[in-house]
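Chemist: The structure follows.
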Amino acid sequence: MSEPQLLDWIERYLGHKLSEDEQLEFEVMRLGDPRLNERIKEHQQFMKYLSGWNERVEFEHKLNAIHDEIDVDAVKQTLGFRQNRVIALWRNHHSKISVAASVAIFAVMLTLFFTGYFNNQSQQSKYSALRRELDNVKRSQSALMRDISGKSIRKNNLNPGNFGGTGFAINTNGDIITNFHVINGADSVYVQNSNGESFKVKPIYINEDYDLAVLRITDPSFKHLSPVPYAFKKSKADLGEDVFTIGYPKDSVVIGKGYLSSFTGFENDSLAYQVSIPVNPGNSGGPLLDNYGNIIGIIKGKQTQVDGAAFATKSNYLMKAIQSIPADSIGKKIVLNSKNNMVKLSRAQQIKKLQNYVFMVKVYN
C-alpha cells in the first residue's frame with residue numbers, strides 16, 4: 001500500500017468512515033504491524049495540532065479586533081490625569097479589557113499545551129493502569145493462617161510481594177493470561193488461587209503493544225485444573241449489555257457489575273471496550289464476561305477523571321495474540337476452550353465456577 005493510500009485509510013479509520021469489511025481488514029493490519037499503531041497515534045496528534053492551531057489563529061484575530069476598538073492614546077492620556085479617571089476608564093472599558101486578557105491567557109495556555117508542557121501530567125491524571133501495590137505491613141498470625149474453603153494457607157506464602165493484579169486460566173495446564181504491566185520489571189512471579197495456595201510461574205509470552213502476558217505455572221505441586229467452563233467470544237459484544245468482572249483489588253476475590261458503554265477504549269482505542277464498572281488497582285488482568293459467561297475482554301485500566309470509565313482489551317485480540325504464539329517457543333500450541341458450560345447458570349453459580357480459574361498475581365522485584 002502506498003503512503004497516500006495508507007494516510008487515506010488512517011483518516012477514514014479515525015473518522016469512522018470505513019466499511020465493515022474495510023474496518024476488519026484494517027484491524028488485521030494493525031495486529032500484524034505494531035508500527036501502524038504508532039502511525040495512527042502520530043496522525044491523531046497531527047490532526048489535534050492542526051485543529052488547535054486554527055483555534056489559536058481565530059483567538060488572535062479576536063484579540064487584535066478588541067485591541068483595535070480600544071483607543072490606546074486616550075488610555076494613555078487618561079492615565080496621565082487623576083486616579084478617578086482610571087476608575088472611569090475601567091467602568092467604560094472593563095468588559096473589553098477582561099475579554100482581551102482572557103483571550104491572551106488562553107492563547108498562552110494553548111501554546112504550552114502544544115509544546116508538550118502538560119503532556120506528562122495530563123496523561124498520568126487521565127489514565128490509570130490497575131496494578132496494585134501490595135501491603136507489606138506484617139499481618140497478624142491468626143489472620144494469615146485463616147482457613148479458606150477447608151484448606152489452610154501454606155506458611156511459605158506469607159510474603160505478600162511488591163505488586164499484584166489478576167489473571168485467569170486459558171486452559172487446564174496452568175497457562176494464565178494477565179496484563180503485561182502487572183508483571184513488568186518482575187524478578188519472580190507467583191499466582192495464588194482462591195484456596196490461598198501459591199504457585200511459581202514464568203512468562204512464556206509477552207505482547208507489550210496489546211499489554212498482554214501469558215504465564216505458565218511451573219510449580220511441581222500444581223495439579224491440572226478441571227476443564228475450563230468459559231469460552232472466548234469471537235464476535236463483537238453489544239453496546240449496553242450487562243457485564244461483570246472478578247478480580248483481586250484486595251486479598252479476597254471481588255465481583256464488579258456494570259455494562260458496556262462504548263465500542264472504543266481510552267482515546268478511541270479500537271482494541272478495547274469502555275465499560276461502566278467499578279474497578280480498582282489489582283483488577284488489571286481480570287476477565288470481563290457477559291451474562292452467559294463468555295469472556296469478552298480483559299480489564300486493563302480506567303480513566304481517573306471520569307466516573308465509571310474502565311477499559312478492557314477485546315477478546316478477539318486476546319485470541320489472535322494467543323493463537324499467534326509459535327508452538328516451538330512454548331513446547332505445545334495453546335488451544336483455547338470453545339465450549340461454554342455457564343450459559344444456563346445463575347450469576348451466583350457462574351461465580352462459584354469462575355473462582356477456581358481466576359488467580360491473584362503476585363510480583364516480586
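Order determines the names: the first chain of the C-alpha cells is A, the second B, and so forth; residues in each chain are numbered 1 upward, and ligands are numbered 1 upward as they are shown.
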Pick out the residues sitting within 7 Å of Val189 in chain A, and hand them over as a PyMOL selection string; count only C-alpha atoms, and ignore anything fewer than 2 positions along from it in its own chain.
Modeler: chain A and resi 186+191+200-202+362-364
Chemist: Taking 4 positions as the minimum chain separation for residues in the same chain, which residues sit within 12 Å of Val279 in chain A when counting only C-alpha atoms? Answer as a ChimeraX atom specification.
Modeler: /A:128-132,165-166,244-250,254-258,275,283-288,299-304,307-312
Chemist: Work out how far CA of His43 in chain A is from CA of Arg56 in chain A, in Å to one decimal.
Modeler: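 Going from CA of Arg56 in chain A over to CA of His43 in chain A, I get 19.8 Å.
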Chemist: Using only C-alpha atoms, which residue out of A:Leu50, A:Ala321, A:Leu24, A:Val361 lies closest to Asp209 in chain A?
Modeler: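 Smallest distance to Asp209 in chain A is found for A:Ala321.
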Chemist: From range 135-279 of chain A, collect each residue whose DSSP state is helix (DSSP H, G or I) and return the set as a list in words.
Modeler: Gln141, Ser142, Ala143, Leu144, Lys155, Asn156, Asn157, Phe180, His181, Val182, Ile183, Phe266, Glu267 and Asn268 of chain A
Chemist: Next, the residues of the selection above should be written as a JSON list (two decimals), in the first residue's frame with N, CA, C and O atoms.
Modeler:
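As written to disk, again29.json reads:
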[["chain", "number", "residue", "atom", "x", "y", "z"],
["A", 141, "GLN", "N", -0.83, -13.28, 62.96],
["A", 141, "GLN", "CA", -0.71, -14.71, 62.67],
["A", 141, "GLN", "C", -2.08, -15.36, 62.47],
["A", 141, "GLN", "O", -2.26, -16.20, 61.60],
["A", 142, "SER", "N", -3.05, -14.93, 63.24],
["A", 142, "SER", "CA", -4.38, -15.53, 63.11],
["A", 142, "SER", "C", -5.02, -15.21, 61.78],
["A", 142, "SER", "O", -5.68, -16.06, 61.17],
["A", 143, "ALA", "N", -4.83, -13.98, 61.31],
["A", 143, "ALA", "CA", -5.41, -13.60, 60.01],
["A", 143, "ALA", "C", -4.71, -14.33, 58.87],
["A", 143, "ALA", "O", -5.34, -14.75, 57.91],
["A", 144, "LEU", "N", -3.40, -14.47, 58.98],
["A", 144, "LEU", "CA", -2.65, -15.11, 57.91],
["A", 144, "LEU", "C", -2.98, -16.59, 57.79],
["A", 144, "LEU", "O", -2.94, -17.17, 56.70],
["A", 155, "LYS", "N", 2.57, -21.76, 54.84],
["A", 155, "LYS", "CA", 3.38, -20.74, 55.50],
["A", 155, "LYS", "C", 4.37, -20.08, 54.56],
["A", 155, "LYS", "O", 4.75, -18.94, 54.75],
["A", 156, "ASN", "N", 4.80, -20.78, 53.51],
["A", 156, "ASN", "CA", 5.79, -20.17, 52.62],
["A", 156, "ASN", "C", 5.17, -19.14, 51.69],
["A", 156, "ASN", "O", 5.83, -18.59, 50.84],
["A", 157, "ASN", "N", 3.86, -18.85, 51.87],
["A", 157, "ASN", "CA", 3.21, -17.85, 51.03],
["A", 157, "ASN", "C", 2.92, -16.56, 51.79],
["A", 157, "ASN", "O", 2.12, -15.75, 51.35],
["A", 180, "PHE", "N", 0.55, -7.20, 30.72],
["A", 180, "PHE", "CA", 2.00, -7.08, 30.79],
["A", 180, "PHE", "C", 2.41, -6.11, 31.88],
["A", 180, "PHE", "O", 3.40, -6.33, 32.59],
["A", 181, "HIS", "N", 1.65, -5.00, 32.04],
["A", 181, "HIS", "CA", 2.08, -4.01, 33.04],
["A", 181, "HIS", "C", 2.01, -4.55, 34.47],
["A", 181, "HIS", "O", 2.65, -4.00, 35.36],
["A", 182, "VAL", "N", 1.26, -5.63, 34.69],
["A", 182, "VAL", "CA", 1.20, -6.24, 36.02],
["A", 182, "VAL", "C", 2.54, -6.87, 36.39],
["A", 182, "VAL", "O", 3.00, -6.76, 37.52],
["A", 183, "ILE", "N", 3.20, -7.53, 35.43],
["A", 183, "ILE", "CA", 4.45, -8.25, 35.72],
["A", 183, "ILE", "C", 5.69, -7.50, 35.26],
["A", 183, "ILE", "O", 6.81, -7.99, 35.45],
["A", 266, "PHE", "N", -9.76, 4.00, 25.74],
["A", 266, "PHE", "CA", -9.17, 5.30, 26.04],
["A", 266, "PHE", "C", -8.65, 5.95, 24.78],
["A", 266, "PHE", "O", -7.96, 5.33, 23.98],
["A", 267, "GLU", "N", -9.02, 7.22, 24.56],
["A", 267, "GLU", "CA", -8.63, 7.97, 23.36],
["A", 267, "GLU", "C", -9.02, 7.22, 22.08],
["A", 267, "GLU", "O", -8.27, 7.14, 21.13],
["A", 268, "ASN", "N", -10.24, 6.65, 22.09],
["A", 268, "ASN", "CA", -10.80, 5.96, 20.93],
["A", 268, "ASN", "C", -9.98, 4.76, 20.47],
["A", 268, "ASN", "O", -9.95, 4.43, 19.28]]
Chemist: Considering only C-alpha atoms, return as a CSV table (one decimal) with N, CA, C and O atoms, in the first residue's frame whatever protein or nucleic-acid residues lie within 12 Å of Leu354 in chain A, sequence-local ones (same chain, fewer than 3 positions apart) excluded.
Modeler:
chain,number,residue,atom,x,y,z
A,167,GLY,N,-5.2,-12.6,37.1
A,167,GLY,CA,-5.1,-13.4,35.9
A,167,GLY,C,-6.1,-14.5,35.9
A,167,GLY,O,-6.7,-14.9,36.9
A,168,PHE,N,-6.3,-15.1,34.7
A,168,PHE,CA,-7.3,-16.2,34.6
A,168,PHE,C,-6.8,-17.3,33.7
A,168,PHE,O,-6.1,-17.0,32.7
A,169,ALA,N,-7.2,-18.5,33.9
A,169,ALA,CA,-6.7,-19.7,33.2
A,169,ALA,C,-7.3,-19.7,31.8
A,169,ALA,O,-8.4,-19.3,31.6
A,170,ILE,N,-6.4,-20.1,30.8
A,170,ILE,CA,-6.9,-20.2,29.4
A,170,ILE,C,-6.9,-21.7,29.0
A,170,ILE,O,-7.3,-22.0,27.9
A,193,ASN,N,-4.4,-19.1,44.1
A,193,ASN,CA,-5.8,-19.5,43.8
A,193,ASN,C,-6.7,-19.1,45.0
A,193,ASN,O,-6.3,-18.5,46.0
A,194,SER,N,-8.0,-19.4,44.8
A,194,SER,CA,-9.0,-19.0,45.8
A,194,SER,C,-8.9,-19.7,47.1
A,194,SER,O,-9.4,-19.3,48.1
A,225,LEU,N,-6.1,-28.3,36.2
A,225,LEU,CA,-7.5,-27.9,36.5
A,225,LEU,C,-8.5,-28.8,35.8
A,225,LEU,O,-8.2,-29.5,34.8
A,226,SER,N,-9.7,-28.7,36.3
A,226,SER,CA,-10.8,-29.3,35.5
A,226,SER,C,-11.0,-28.5,34.2
A,226,SER,O,-10.5,-27.4,34.1
A,227,PRO,N,-11.8,-29.0,33.3
A,227,PRO,CA,-12.0,-28.3,32.0
A,227,PRO,C,-12.5,-26.9,32.2
A,227,PRO,O,-13.4,-26.6,33.1
A,228,VAL,N,-11.9,-25.9,31.5
A,228,VAL,CA,-12.3,-24.5,31.7
A,228,VAL,C,-13.8,-24.3,31.3
A,228,VAL,O,-14.2,-24.8,30.2
A,229,PRO,N,-14.6,-23.7,32.2
A,229,PRO,CA,-16.0,-23.6,31.9
A,229,PRO,C,-16.5,-22.5,31.0
A,229,PRO,O,-17.6,-22.5,30.5
A,230,TYR,N,-15.6,-21.6,30.7
A,230,TYR,CA,-16.0,-20.4,29.8
A,230,TYR,C,-15.3,-20.5,28.5
A,230,TYR,O,-14.3,-21.2,28.3
A,231,ALA,N,-15.8,-19.7,27.5
A,231,ALA,CA,-15.3,-19.6,26.2
A,231,ALA,C,-15.0,-18.2,25.9
A,231,ALA,O,-15.5,-17.3,26.5
A,244,PHE,N,-19.8,-8.3,33.8
A,244,PHE,CA,-19.3,-8.4,35.1
A,244,PHE,C,-17.8,-8.9,35.1
A,244,PHE,O,-17.3,-9.4,34.1
A,245,THR,N,-17.1,-8.6,36.2
A,245,THR,CA,-15.7,-9.0,36.3
A,245,THR,C,-15.4,-9.5,37.6
A,245,THR,O,-16.2,-9.3,38.6
A,246,ILE,N,-14.4,-10.3,37.7
A,246,ILE,CA,-13.9,-10.9,39.0
A,246,ILE,C,-12.4,-10.7,39.1
A,246,ILE,O,-11.7,-11.0,38.2
A,247,GLY,N,-12.0,-10.3,40.3
A,247,GLY,CA,-10.5,-10.0,40.4
A,247,GLY,C,-10.1,-9.8,41.8
A,247,GLY,O,-10.9,-10.0,42.8
A,253,VAL,N,-11.3,-12.3,46.7
A,253,VAL,CA,-11.9,-12.0,45.4
A,253,VAL,C,-13.0,-11.0,45.5
A,253,VAL,O,-13.8,-11.0,46.5
A,254,VAL,N,-13.2,-10.1,44.5
A,254,VAL,CA,-14.2,-9.1,44.4
A,254,VAL,C,-14.9,-9.2,43.1
A,254,VAL,O,-14.3,-9.3,42.0
A,255,ILE,N,-16.2,-9.1,43.1
A,255,ILE,CA,-17.0,-9.1,41.9
A,255,ILE,C,-17.5,-7.6,41.6
A,255,ILE,O,-17.9,-6.9,42.5
A,286,GLY,N,-8.0,-9.1,35.0
A,286,GLY,CA,-9.2,-9.8,35.4
A,286,GLY,C,-10.1,-10.0,34.1
A,286,GLY,O,-10.1,-9.2,33.2
A,287,PRO,N,-10.9,-11.1,34.1
A,287,PRO,CA,-11.7,-11.4,32.9
A,287,PRO,C,-13.0,-10.5,33.0
A,287,PRO,O,-13.5,-10.2,34.0
A,288,LEU,N,-13.4,-10.0,31.8
A,288,LEU,CA,-14.7,-9.3,31.6
A,288,LEU,C,-15.6,-10.3,30.9
A,288,LEU,O,-15.3,-10.8,29.8
A,289,LEU,N,-16.8,-10.5,31.5
A,289,LEU,CA,-17.7,-11.6,31.0
A,289,LEU,C,-19.1,-11.0,30.7
A,289,LEU,O,-19.5,-10.0,31.4
A,293,GLY,N,-21.6,-15.9,30.5
A,293,GLY,CA,-20.3,-16.4,31.0
A,293,GLY,C,-19.2,-16.5,29.9
A,293,GLY,O,-18.2,-17.2,30.1
A,294,ASN,N,-19.4,-15.8,28.8
A,294,ASN,CA,-18.4,-15.7,27.8
A,294,ASN,C,-17.4,-14.6,28.1
A,294,ASN,O,-17.7,-13.5,28.6
A,295,ILE,N,-16.1,-14.9,27.9
A,295,ILE,CA,-15.1,-13.9,28.1
A,295,ILE,C,-15.1,-12.9,26.9
A,295,ILE,O,-15.0,-13.3,25.7
A,340,ASN,N,-18.8,-23.3,26.1
A,340,ASN,CA,-19.2,-22.5,27.4
A,340,ASN,C,-20.2,-23.4,28.2
A,340,ASN,O,-21.3,-23.7,27.7
A,341,ASN,N,-19.8,-23.7,29.4
A,341,ASN,CA,-20.6,-24.5,30.3
A,341,ASN,C,-21.4,-23.7,31.3
A,341,ASN,O,-21.9,-24.2,32.3
A,342,MET,N,-21.4,-22.3,31.2
A,342,MET,CA,-22.0,-21.5,32.2
A,342,MET,C,-23.2,-20.7,31.6
A,342,MET,O,-23.8,-19.9,32.3
A,345,LEU,N,-26.4,-21.1,33.8
A,345,LEU,CA,-26.2,-20.9,35.2
A,345,LEU,C,-26.6,-19.5,35.7
A,345,LEU,O,-26.6,-18.6,35.0
A,347,ARG,N,-26.0,-16.1,38.1
A,347,ARG,CA,-24.8,-15.4,38.3
A,347,ARG,C,-24.0,-15.9,39.5
A,347,ARG,O,-22.8,-16.1,39.4
A,348,ALA,N,-24.7,-16.3,40.6
A,348,ALA,CA,-24.0,-16.9,41.7
A,348,ALA,C,-23.3,-18.2,41.4
A,348,ALA,O,-22.2,-18.4,41.8
A,349,GLN,N,-24.0,-19.0,40.6
A,349,GLN,CA,-23.4,-20.3,40.2
A,349,GLN,C,-22.2,-20.1,39.2
A,349,GLN,O,-21.2,-20.8,39.3
A,350,GLN,N,-22.3,-19.1,38.4
A,350,GLN,CA,-21.2,-18.8,37.5
A,350,GLN,C,-20.0,-18.4,38.3
A,350,GLN,O,-18.9,-18.8,38.0
A,351,ILE,N,-20.2,-17.5,39.3
A,351,ILE,CA,-19.1,-17.0,40.1
A,351,ILE,C,-18.4,-18.2,40.8
A,351,ILE,O,-17.2,-18.3,41.0
A,357,TYR,N,-10.6,-20.6,38.6
A,357,TYR,CA,-9.9,-20.3,37.4
A,357,TYR,C,-9.3,-18.9,37.4
A,357,TYR,O,-8.6,-18.5,36.4
A,358,VAL,N,-9.6,-18.1,38.4
A,358,VAL,CA,-9.1,-16.7,38.5
A,358,VAL,C,-8.1,-16.7,39.6
A,358,VAL,O,-8.4,-17.1,40.7
A,359,PHE,N,-7.0,-16.1,39.3
A,359,PHE,CA,-5.8,-16.1,40.3
A,359,PHE,C,-5.4,-14.7,40.6
A,359,PHE,O,-5.5,-13.7,39.8
Chemist: What is the distance between CA of Asp175 in chain A and CA of Lys234 in chain A, in Å to one decimal?
Modeler: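 That distance, rounded to one decimal, is 20.1 Å.
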Chemist: Rounded to one decimal, what separation in Å do you get between CA of Gly164 in chain A and CA of Met360 in chain A?
Modeler: 7.0 Å
Chemist: Here is a test: counting only C-alpha atoms, which residue of A:Leu14, A:Ser338, A:Lys223, A:Asp8 is nearest to Asn37 in chain A?
Modeler: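 Going through A:Leu14, A:Ser338, A:Lys223, A:Asp8 one by one, the smallest distance to Asn37 in chain A is for A:Leu14.
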Chemist: Of the candidates A:Leu6, A:Asp219, A:Val214, A:His16, which one gets nearest to Glu197 in chain A if we count only C-alpha atoms?
Modeler: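 Smallest distance to Glu197 in chain A is found for A:Asp219.
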Chemist: Using the chain letters and numbers from this document, which residues of range 160-310 of chain A does DSSP assign to strand (DSSP E or B), as JSON, numbers by chain?
Modeler: {"A": [163, 164, 165, 166, 167, 168, 169, 175, 176, 177, 178, 188, 189, 190, 191, 192, 198, 199, 200, 201, 202, 203, 204, 205, 206, 207, 212, 213, 214, 215, 216, 217, 232, 242, 243, 244, 245, 246, 247, 254, 255, 256, 257, 258, 259, 260, 261, 262, 272, 273, 274, 275, 276, 287, 288, 289, 290, 295, 296, 297, 298, 299, 300, 301, 302, 303, 310]}
